[in-house]
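Everything below belongs to start19.tsv, which stores TSV, C-alpha atoms and all ligand atoms.
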chain	number	residue	atom	x	y	z
R	272	MET	CA	179.53	-245.70	-53.17
R	273	ALA	CA	176.60	-243.31	-52.57
R	274	VAL	CA	175.05	-243.69	-56.03
R	275	LEU	CA	171.60	-243.12	-54.57
R	276	ALA	CA	172.45	-239.97	-52.60
R	277	GLY	CA	169.50	-237.57	-52.69
R	278	LYS	CA	167.04	-240.33	-53.67
R	279	ALA	CA	163.99	-241.28	-51.62
R	280	ALA	CA	162.72	-244.86	-51.61
R	281	LEU	CA	159.72	-246.79	-50.32
R	282	VAL	CA	160.01	-250.56	-49.76
R	283	THR	CA	156.86	-252.47	-48.81
R	284	GLY	CA	157.27	-255.32	-46.33
R	285	GLY	CA	160.73	-254.22	-45.28
R	286	SER	CA	160.97	-255.40	-41.69
R	287	ARG	CA	162.34	-258.89	-42.39
R	288	GLY	CA	163.69	-261.15	-45.11
R	289	ILE	CA	164.27	-259.88	-48.64
R	290	GLY	CA	162.65	-256.51	-47.88
R	291	ALA	CA	165.00	-255.82	-44.96
R	292	ALA	CA	168.03	-256.63	-47.14
R	293	ILE	CA	166.71	-254.19	-49.76
R	294	VAL	CA	166.25	-251.46	-47.13
R	295	LEU	CA	169.83	-251.96	-45.90
R	296	ARG	CA	171.26	-251.96	-49.40
R	297	LEU	CA	169.44	-248.86	-50.65
R	298	ALA	CA	170.27	-246.95	-47.45
R	299	SER	CA	173.93	-247.98	-47.72
R	300	GLU	CA	173.95	-246.43	-51.20
R	301	GLY	CA	172.72	-243.11	-49.85
R	302	ALA	CA	168.94	-243.27	-50.33
R	303	SER	CA	166.51	-242.20	-47.61
R	304	VAL	CA	164.34	-245.27	-47.18
R	305	ALA	CA	160.83	-245.70	-45.79
R	306	PHE	CA	159.52	-249.22	-45.36
R	307	THR	CA	156.20	-250.75	-44.34
R	308	TYR	CA	155.46	-253.76	-42.19
R	309	SER	CA	152.31	-255.24	-40.71
R	310	SER	CA	153.24	-256.79	-37.38
R	311	SER	CA	157.01	-257.15	-36.80
R	312	SER	CA	157.44	-253.89	-34.86
R	313	GLU	CA	160.53	-255.09	-33.00
R	314	GLN	CA	162.37	-256.08	-36.18
R	315	ALA	CA	161.23	-252.86	-37.86
R	316	ASN	CA	162.61	-250.71	-35.05
R	317	SER	CA	165.91	-252.55	-34.91
R	318	LEU	CA	166.30	-252.18	-38.68
R	319	VAL	CA	165.77	-248.41	-38.39
R	320	GLU	CA	168.47	-248.33	-35.69
R	321	LYS	CA	170.84	-250.50	-37.74
R	322	VAL	CA	170.54	-248.16	-40.72
R	323	ALA	CA	171.08	-245.11	-38.50
R	324	ALA	CA	174.15	-246.72	-36.86
R	325	ALA	CA	175.64	-247.14	-40.34
R	326	GLY	CA	175.05	-243.44	-41.07
R	327	GLY	CA	171.93	-243.90	-43.19
R	328	LYS	CA	168.29	-242.89	-42.90
R	329	ALA	CA	165.30	-245.22	-42.64
R	330	ILE	CA	161.79	-244.87	-41.27
R	331	ALA	CA	159.31	-247.63	-40.50
R	332	ILE	CA	155.59	-247.27	-41.20
R	333	LYS	CA	153.04	-249.79	-39.93
R	334	ALA	CA	150.69	-250.51	-42.82
R	335	ASP	CA	149.03	-253.82	-43.58
R	336	ALA	CA	149.23	-254.44	-47.31
R	337	ALA	CA	145.79	-256.03	-47.14
R	338	ASP	CA	144.37	-252.64	-46.12
R	339	GLN	CA	144.43	-250.48	-49.22
R	340	GLU	CA	143.73	-247.25	-47.36
R	341	ALA	CA	146.70	-247.99	-45.06
R	342	VAL	CA	148.89	-248.53	-48.13
R	343	ARG	CA	147.83	-245.15	-49.58
R	344	ALA	CA	148.46	-243.49	-46.22
R	345	ALA	CA	151.96	-245.04	-46.02
R	346	VAL	CA	152.81	-243.64	-49.44
R	347	ARG	CA	151.55	-240.19	-48.46
R	348	GLU	CA	153.54	-240.33	-45.20
R	349	THR	CA	156.72	-241.25	-47.11
R	350	ALA	CA	156.22	-238.34	-49.49
R	351	LYS	CA	155.56	-236.02	-46.55
R	352	GLN	CA	158.77	-237.12	-44.80
R	353	PHE	CA	161.05	-237.08	-47.86
R	354	GLY	CA	159.32	-234.59	-50.17
R	355	LYS	CA	159.15	-237.10	-53.06
R	356	ILE	CA	159.52	-240.81	-53.84
R	357	ASP	CA	162.08	-241.70	-56.54
R	358	ILE	CA	162.05	-245.46	-55.99
R	359	LEU	CA	159.23	-247.87	-55.14
R	360	VAL	CA	159.97	-251.51	-54.34
R	361	ASN	CA	156.80	-253.61	-54.06
R	362	ASN	CA	158.15	-256.46	-51.95
R	363	ALA	CA	155.45	-257.32	-49.37
R	364	GLY	CA	154.08	-260.75	-50.11
R	365	ILE	CA	152.61	-263.84	-48.50
R	366	ILE	CA	152.25	-267.43	-49.57
R	367	VAL	CA	149.09	-269.51	-49.36
R	368	LEU	CA	149.52	-273.17	-50.23
R	369	GLY	CA	146.91	-275.85	-50.81
R	370	SER	CA	145.43	-277.75	-53.70
R	371	ILE	CA	142.58	-275.97	-55.46
R	372	ASP	CA	139.85	-277.86	-53.59
R	373	GLU	CA	141.33	-276.85	-50.23
R	374	ILE	CA	141.91	-273.09	-50.64
R	375	LYS	CA	139.44	-271.07	-48.57
R	376	GLU	CA	137.78	-268.00	-50.05
R	377	ALA	CA	139.13	-265.78	-47.23
R	378	ASP	CA	142.72	-266.97	-47.86
R	379	PHE	CA	142.29	-266.37	-51.60
R	380	GLN	CA	141.06	-262.83	-50.95
R	381	ARG	CA	143.91	-262.11	-48.52
R	382	ILE	CA	146.70	-263.24	-50.86
R	383	LEU	CA	145.13	-261.25	-53.70
R	384	SER	CA	145.00	-258.17	-51.44
R	385	VAL	CA	148.60	-258.43	-50.26
R	386	ASN	CA	150.36	-259.78	-53.37
R	387	VAL	CA	148.37	-258.00	-56.10
R	388	HIS	CA	145.96	-255.29	-54.93
R	389	SER	CA	148.56	-253.56	-52.74
R	390	VAL	CA	151.01	-253.45	-55.67
R	391	PHE	CA	148.38	-251.63	-57.74
R	392	THR	CA	147.52	-249.30	-54.84
R	393	ALA	CA	151.09	-248.41	-53.86
R	394	THR	CA	152.06	-247.85	-57.48
R	395	GLN	CA	149.06	-245.65	-58.26
R	396	GLU	CA	149.54	-243.53	-55.14
R	397	VAL	CA	153.32	-243.25	-55.54
R	398	LEU	CA	152.94	-241.82	-59.02
R	399	HIS	CA	151.56	-238.59	-57.51
R	400	HIS	CA	154.93	-238.13	-55.80
R	401	MET	CA	157.44	-239.70	-58.22
R	402	PRO	CA	159.50	-237.38	-60.41
R	403	ASP	CA	160.05	-238.32	-64.05
R	404	GLY	CA	162.92	-240.80	-64.28
R	405	GLY	CA	161.77	-242.73	-61.20
R	406	ARG	CA	162.07	-246.48	-60.71
R	407	ILE	CA	159.52	-249.13	-59.78
R	408	VAL	CA	160.60	-252.68	-58.94
R	409	HIS	CA	158.27	-255.53	-58.02
R	410	ILE	CA	159.39	-258.66	-56.23
R	411	GLY	CA	157.54	-261.37	-58.10
R	412	SER	CA	158.58	-265.01	-58.19
R	413	VAL	CA	159.99	-267.67	-60.49
R	414	ASN	CA	156.64	-269.36	-59.81
R	415	SER	CA	155.01	-267.06	-62.36
R	416	GLU	CA	156.91	-269.14	-64.94
R	417	ARG	CA	157.34	-272.50	-63.26
R	418	MET	CA	155.21	-274.11	-60.55
R	419	PRO	CA	156.51	-277.64	-60.43
R	420	PHE	CA	154.58	-278.97	-57.44
R	421	VAL	CA	151.01	-279.40	-56.20
R	422	GLY	CA	149.44	-276.69	-54.05
R	423	GLY	CA	150.97	-273.52	-55.47
R	424	SER	CA	148.33	-272.50	-58.01
R	425	VAL	CA	147.05	-269.44	-56.16
R	426	TYR	CA	150.51	-268.14	-55.24
R	427	ALA	CA	151.52	-268.61	-58.90
R	428	LEU	CA	148.37	-266.74	-59.97
R	429	THR	CA	149.38	-263.70	-57.90
R	430	LYS	CA	152.94	-263.64	-59.18
R	431	GLY	CA	151.72	-264.19	-62.75
R	432	ALA	CA	149.58	-261.07	-62.32
R	433	ILE	CA	152.69	-259.11	-61.34
R	434	PHE	CA	154.56	-260.44	-64.41
R	435	SER	CA	151.83	-259.08	-66.72
R	436	PHE	CA	151.22	-255.87	-64.78
R	437	THR	CA	154.92	-255.03	-65.18
R	438	LYS	CA	154.62	-255.02	-68.97
R	439	GLY	CA	151.53	-252.83	-69.08
R	440	LEU	CA	152.89	-250.41	-66.49
R	441	ALA	CA	156.14	-250.03	-68.41
R	442	ARG	CA	154.06	-248.86	-71.39
R	443	ASP	CA	152.01	-246.45	-69.29
R	444	LEU	CA	155.05	-244.91	-67.61
R	445	GLY	CA	157.57	-244.90	-70.46
R	446	PRO	CA	156.59	-241.35	-71.47
R	447	ARG	CA	157.62	-240.23	-67.98
R	448	ASN	CA	160.92	-242.13	-68.27
R	449	ILE	CA	159.90	-244.22	-65.25
R	450	THR	CA	161.11	-247.81	-65.51
R	451	VAL	CA	159.11	-250.76	-64.16
R	452	ASN	CA	160.70	-254.17	-63.63
R	453	ASN	CA	159.88	-257.43	-61.90
R	454	ILE	CA	162.52	-259.45	-60.05
R	455	GLN	CA	161.59	-263.14	-59.92
R	456	PRO	CA	163.53	-264.96	-57.21
R	457	GLY	CA	163.78	-268.69	-56.78
R	458	PRO	CA	164.11	-270.08	-53.25
R	459	VAL	CA	165.67	-267.46	-50.96
R	460	ASP	CA	166.54	-268.24	-47.34
R	461	THR	CA	164.12	-266.17	-45.22
R	462	GLU	CA	161.61	-266.86	-42.45
R	463	GLY	CA	159.04	-267.12	-45.26
R	464	ASN	CA	161.02	-269.97	-46.90
R	465	PRO	CA	163.82	-271.18	-44.64
R	466	ALA	CA	166.69	-273.15	-46.17
R	467	SER	CA	166.23	-275.59	-43.29
R	468	GLY	CA	162.46	-275.87	-43.88
R	469	PRO	CA	160.35	-278.86	-44.95
R	470	PHE	CA	160.37	-277.83	-48.65
R	471	ALA	CA	164.13	-277.40	-48.94
R	472	GLU	CA	164.98	-280.87	-50.23
R	473	THR	CA	162.26	-280.76	-52.91
R	474	LEU	CA	163.24	-277.27	-54.03
R	475	LEU	CA	166.98	-278.03	-54.21
R	476	GLY	CA	166.19	-281.07	-56.34
R	477	LEU	CA	164.63	-278.74	-58.93
R	478	MET	CA	167.55	-276.34	-59.18
R	479	ALA	CA	170.75	-276.09	-61.24
R	480	LEU	CA	172.60	-274.52	-58.30
R	481	LYS	CA	172.13	-276.65	-55.20
R	482	ARG	CA	171.67	-273.86	-52.69
R	483	TYR	CA	169.14	-271.29	-51.57
R	484	GLY	CA	169.66	-267.68	-52.59
R	485	LYS	CA	170.51	-264.99	-50.07
R	486	ALA	CA	168.29	-261.97	-49.47
R	487	GLU	CA	171.37	-259.82	-50.12
R	488	GLU	CA	171.62	-261.26	-53.64
R	489	ILE	CA	168.08	-260.08	-54.41
R	490	ALA	CA	168.90	-256.68	-52.88
R	491	GLY	CA	171.90	-256.47	-55.22
R	492	MET	CA	169.64	-256.88	-58.24
R	493	VAL	CA	167.25	-254.22	-56.90
R	494	SER	CA	170.21	-251.90	-56.41
R	495	TYR	CA	171.24	-252.36	-60.03
R	496	LEU	CA	167.72	-251.81	-61.39
R	497	VAL	CA	167.18	-248.59	-59.45
R	498	GLY	CA	170.68	-247.31	-60.15
R	499	PRO	CA	171.98	-245.09	-62.94
R	500	GLU	CA	173.19	-247.95	-65.19
R	501	ALA	CA	169.78	-249.60	-65.62
R	502	GLY	CA	167.84	-246.76	-67.24
R	503	TYR	CA	167.24	-248.74	-70.46
R	504	ILE	CA	165.63	-251.76	-68.75
R	505	THR	CA	161.85	-251.66	-68.45
R	506	GLY	CA	158.95	-254.09	-68.63
R	507	ALA	CA	161.33	-256.94	-67.82
R	508	SER	CA	160.84	-259.90	-65.54
R	509	LEU	CA	164.29	-260.98	-64.43
R	510	LEU	CA	164.98	-264.39	-62.92
R	511	ILE	CA	167.39	-264.75	-60.01
R	512	ASP	CA	166.61	-268.35	-59.17
R	513	GLY	CA	169.65	-270.61	-59.09
R	514	GLY	CA	168.41	-272.15	-62.31
R	515	PHE	CA	165.01	-273.17	-60.92
R	516	ALA	CA	163.36	-272.29	-64.24
R	517	ALA	CA	166.20	-273.53	-66.46
R	601	LIG	P1	159.17	-262.98	-45.29
R	601	LIG	O1	157.92	-263.68	-44.86
R	601	LIG	O2	160.47	-263.49	-44.77
R	601	LIG	O3	159.05	-261.42	-44.98
R	601	LIG	C1	157.93	-260.76	-45.45
R	601	LIG	C2	158.04	-259.29	-45.19
R	601	LIG	O4	156.86	-258.68	-45.70
R	601	LIG	C3	158.11	-258.96	-43.73
R	601	LIG	O5	158.83	-257.77	-43.55
R	601	LIG	C4	156.65	-258.78	-43.37
R	601	LIG	O6	156.47	-257.89	-42.27
R	601	LIG	C5	156.11	-258.12	-44.62
R	601	LIG	N1	154.71	-258.41	-44.80
R	601	LIG	C6	154.07	-259.59	-44.86
R	601	LIG	N2	152.76	-259.42	-44.95
R	601	LIG	C7	152.55	-258.09	-44.95
R	601	LIG	C8	151.42	-257.27	-45.01
R	601	LIG	N3	150.18	-257.80	-45.07
R	601	LIG	N4	151.57	-255.95	-44.95
R	601	LIG	C9	152.79	-255.37	-44.87
R	601	LIG	N5	153.93	-256.09	-44.80
R	601	LIG	C10	153.80	-257.43	-44.84
R	601	LIG	O7	159.12	-263.02	-46.88
R	601	LIG	P2	160.31	-263.04	-47.95
R	601	LIG	O8	161.33	-262.06	-47.59
R	601	LIG	O9	160.69	-264.46	-48.15
R	601	LIG	O10	159.52	-262.59	-49.26
R	601	LIG	C11	159.50	-261.25	-49.72
R	601	LIG	C12	158.92	-261.22	-51.13
R	601	LIG	O11	159.69	-262.06	-51.97
R	601	LIG	C13	157.48	-261.73	-51.22
R	601	LIG	O12	156.76	-260.97	-52.17
R	601	LIG	C14	157.65	-263.16	-51.71
R	601	LIG	O13	156.52	-263.64	-52.40
R	601	LIG	C15	158.85	-262.98	-52.63
R	601	LIG	N6	159.58	-264.22	-52.88
R	601	LIG	C16	160.21	-264.88	-51.86
R	601	LIG	C17	160.90	-266.05	-52.13
R	601	LIG	C18	161.60	-266.82	-51.07
R	601	LIG	O14	161.99	-267.97	-51.34
R	601	LIG	N7	161.82	-266.29	-49.88
R	601	LIG	C19	160.96	-266.60	-53.49
R	601	LIG	C20	160.27	-265.81	-54.49
R	601	LIG	C21	159.62	-264.66	-54.17
R	601	LIG	P3	155.53	-258.31	-41.03
R	601	LIG	O15	156.22	-259.43	-40.33
R	601	LIG	O16	155.44	-257.08	-40.20
R	601	LIG	O17	154.23	-258.68	-41.60
Take the structure in the file and give it back as structure tokens.
Ligand code: NDP
Amino acid sequence: MAVLAGKAALVTGGSRGIGAAIVLRLASEGASVAFTYSSSSEQANSLVEKVAAAGGKAIAIKADAADQEAVRAAVRETAKQFGKIDILVNNAGIIVLGSIDEIKEADFQRILSVNVHSVFTATQEVLHHMPDGGRIVHIGSVNSERMPFVGGSVYALTKGAIFSFTKGLARDLGPRNITVNNIQPGPVDTEGNPASGPFAETLLGLMALKRYGKAEEIAGMVSYLVGPEAGYITGASLLIDGGFAA
């Protein structure tokens, strides 16, 4: 059903994984979708073609989320192409693992740039182009609420920042009827966290449901939050984690 017909969306980090599933889902519901990526040009191009083959519209924009000017330029390019941006999904994210004595300053700065600073930048720039009633969704993590193993402190810090930012932003943007929500996935099978990877056994041991989530399941929650039925949800951090935090 084309519930998003006439809407324009921007998804950061959309070339692979959860972001790509979000691009496909929003496009399948009728939205015109721009997405950013930093290096996966081949995957980005094939995603654009896949959306087009299904009768939808997607454009790929190369923009490293660690480069704040590139993020602003990507937002401006999206607005130029579509005339407005109704939906922003801040999905781009990286993970840096290591106990606190091991984390290097450069890695700390990079994860802050990608996971936190770019969310601020994209949001601030998008607001120049977002009509009242728009939707902002962040992809945070269950690790803002539960970090049950050694080495995840800095990743948890970044996702905790998104948890809090969501609440403040919802207050700022309520008068414009723009909703702001934070989806907090548990383990989701992507290249970033493969279900066959070295952490799988540990992660499954911590969960109520003994399986990884699918990127499509996260995309389904995004679809609901940006759709017409979710207009009364704002400032919320919503878990979709197989009971990781239960
Ligand atoms: P992947 O590593 O599988 O994919 C990441 C996507 O983001 C790719 O499209 C990648 O494109 C893009 N990306 C990465 N770095 C940058 C950058 N600097 N600038 C622009 N784009 C970038 O990650 P996931 O799909 O697993 O994760 C997506 C989001 O979900 C992240 O915010 C992550 O923290 C969050 N999350 C993931 C979980 C999981 O278990 N998978 C669990 C909880 C949260 P490119 O290759 O071109 O860089």
(Q) Distance limit 6 Å, reference ligand LIG 601 (chain R), atoms considered: all atoms listed in the file. Which residues make the cut? Give them as an NGL selection string. (A) :R and (284-290 or 307-311 or 334-337 or 362-365 or 385 or 410-412 or 456-464)
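CA of Val408 in chain R lies 18.3 Å from CA of Ala427 in chain R.
Among R:Val497, R:Asp338, R:Ile374, R:Ile382, the residue with the shortest atom-to-atom distance to Leu281 in chain R, counting only C-alpha atoms, is R:Val497.
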Q: Give me the residues within 7 Å of Val319 in chain R as an MDAnalysis selection string, counting all atoms listed in the file and dropping any in the same chain fewer than 6 places off.
A: chainID R and resid 329:331
Q | Sel. within 10 Å of pt (144.7, -268.7, -57.6), counting all atoms listed in the file, output as JSON, numbers by chain | A | {"R": [367, 368, 370, 371, 374, 379, 380, 382, 383, 422, 423, 424, 425, 426, 427, 428, 429, 430, 431]}
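Ranking R:Ile504, R:Ile407, R:Ala471, R:Leu509 by their shortest atom-to-atom distance to Ile489 in chain R, with only C-alpha atoms included, puts R:Leu509 first.
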Q) Hey, can you check how far CA of Ser467 in chain R sits from CA of Glu373 in chain R? A) 25.9 Å
Q.
I need the residue nearest Gly502 in chain R from this list: R:Lys481, R:Arg406, R:Arg381, R:Arg447. Use all atoms listed in the file for the distance.
A. R:Arg406
Q. CA of Ala291 in chain R and CA of Ser435 in chain R are how many Å apart?
A. 25.6 Å
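The nearest approach to Gly327 in chain R among the residues R:Arg296, R:Arg343, R:His388, R:Lys355, with only C-alpha atoms taken into account, belongs to R:Arg296.
Using only C-alpha atoms, the nearest neighbour of Asn386 in chain R within the list R:Lys321, R:Ala432, R:Arg482, R:Gln455 is R:Ala432.
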Contact residues around Ile293 in chain R with only C-alpha atoms at 9 Å, ignoring same-chain residues under 5 positions, as a PDB file with C-alpha atoms, in the frame of the given file:
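Listed below is the output, around_37.pdb:
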ATOM      1  CA  VAL R 282     160.010-250.560 -49.760  1.00  0.00           C
ATOM      2  CA  GLY R 285     160.730-254.220 -45.280  1.00  0.00           C
ATOM      3  CA  GLY R 288     163.690-261.150 -45.110  1.00  0.00           C
ATOM      4  CA  ALA R 298     170.270-246.950 -47.450  1.00  0.00           C
ATOM      5  CA  VAL R 360     159.970-251.510 -54.340  1.00  0.00           C
ATOM      6  CA  ALA R 486     168.290-261.970 -49.470  1.00  0.00           C
ATOM      7  CA  GLU R 487     171.370-259.820 -50.120  1.00  0.00           C
ATOM      8  CA  ILE R 489     168.080-260.080 -54.410  1.00  0.00           C
ATOM      9  CA  ALA R 490     168.900-256.680 -52.880  1.00  0.00           C
ATOM     10  CA  GLY R 491     171.900-256.470 -55.220  1.00  0.00           C
ATOM     11  CA  VAL R 493     167.250-254.220 -56.900  1.00  0.00           C
ATOM     12  CA  SER R 494     170.210-251.900 -56.410  1.00  0.00           C
TER      13      SER R 494
END
**Q.** Surrounding residues of Thr349 in chain R excluding itself and chain neighbours under 4 positions, 7 Å, all atoms listed in the file, as a ChimeraX atom specification
**A.** /R:305,345,353
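Near range 439-442 of chain R, within 7 Å and counting all atoms listed in the file, sit Thr450, Val451, Thr505 and Gly506 of chain R, not including residues fewer than 5 positions from it in the same chain.
Shortest atom-to-atom contact with Lys351 in chain R among R:Val294, R:His400, R:Met478, R:Ala302: R:His400, counting all atoms listed in the file.
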Test item: residues at most 8 Å from Val397 in chain R, all atoms listed in the file, excluding those fewer than 6 positions along its chain, as a PDB file with C-alpha atoms, in the coordinates of the input:
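The resulting out-v1.pdb:
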ATOM      1  CA  VAL R 346     152.810-243.640 -49.440  1.00  0.00           C
ATOM      2  CA  ARG R 347     151.550-240.190 -48.460  1.00  0.00           C
ATOM      3  CA  ILE R 356     159.520-240.810 -53.840  1.00  0.00           C
ATOM      4  CA  LEU R 359     159.230-247.870 -55.140  1.00  0.00           C
TER       5      LEU R 359
END
Q | Polymer residues at most 6 Å from (165.6, -245.2, -55.7) by all atoms listed in the file, as a PyMOL selection string | A | chain R and resi 278-280+357-358+497
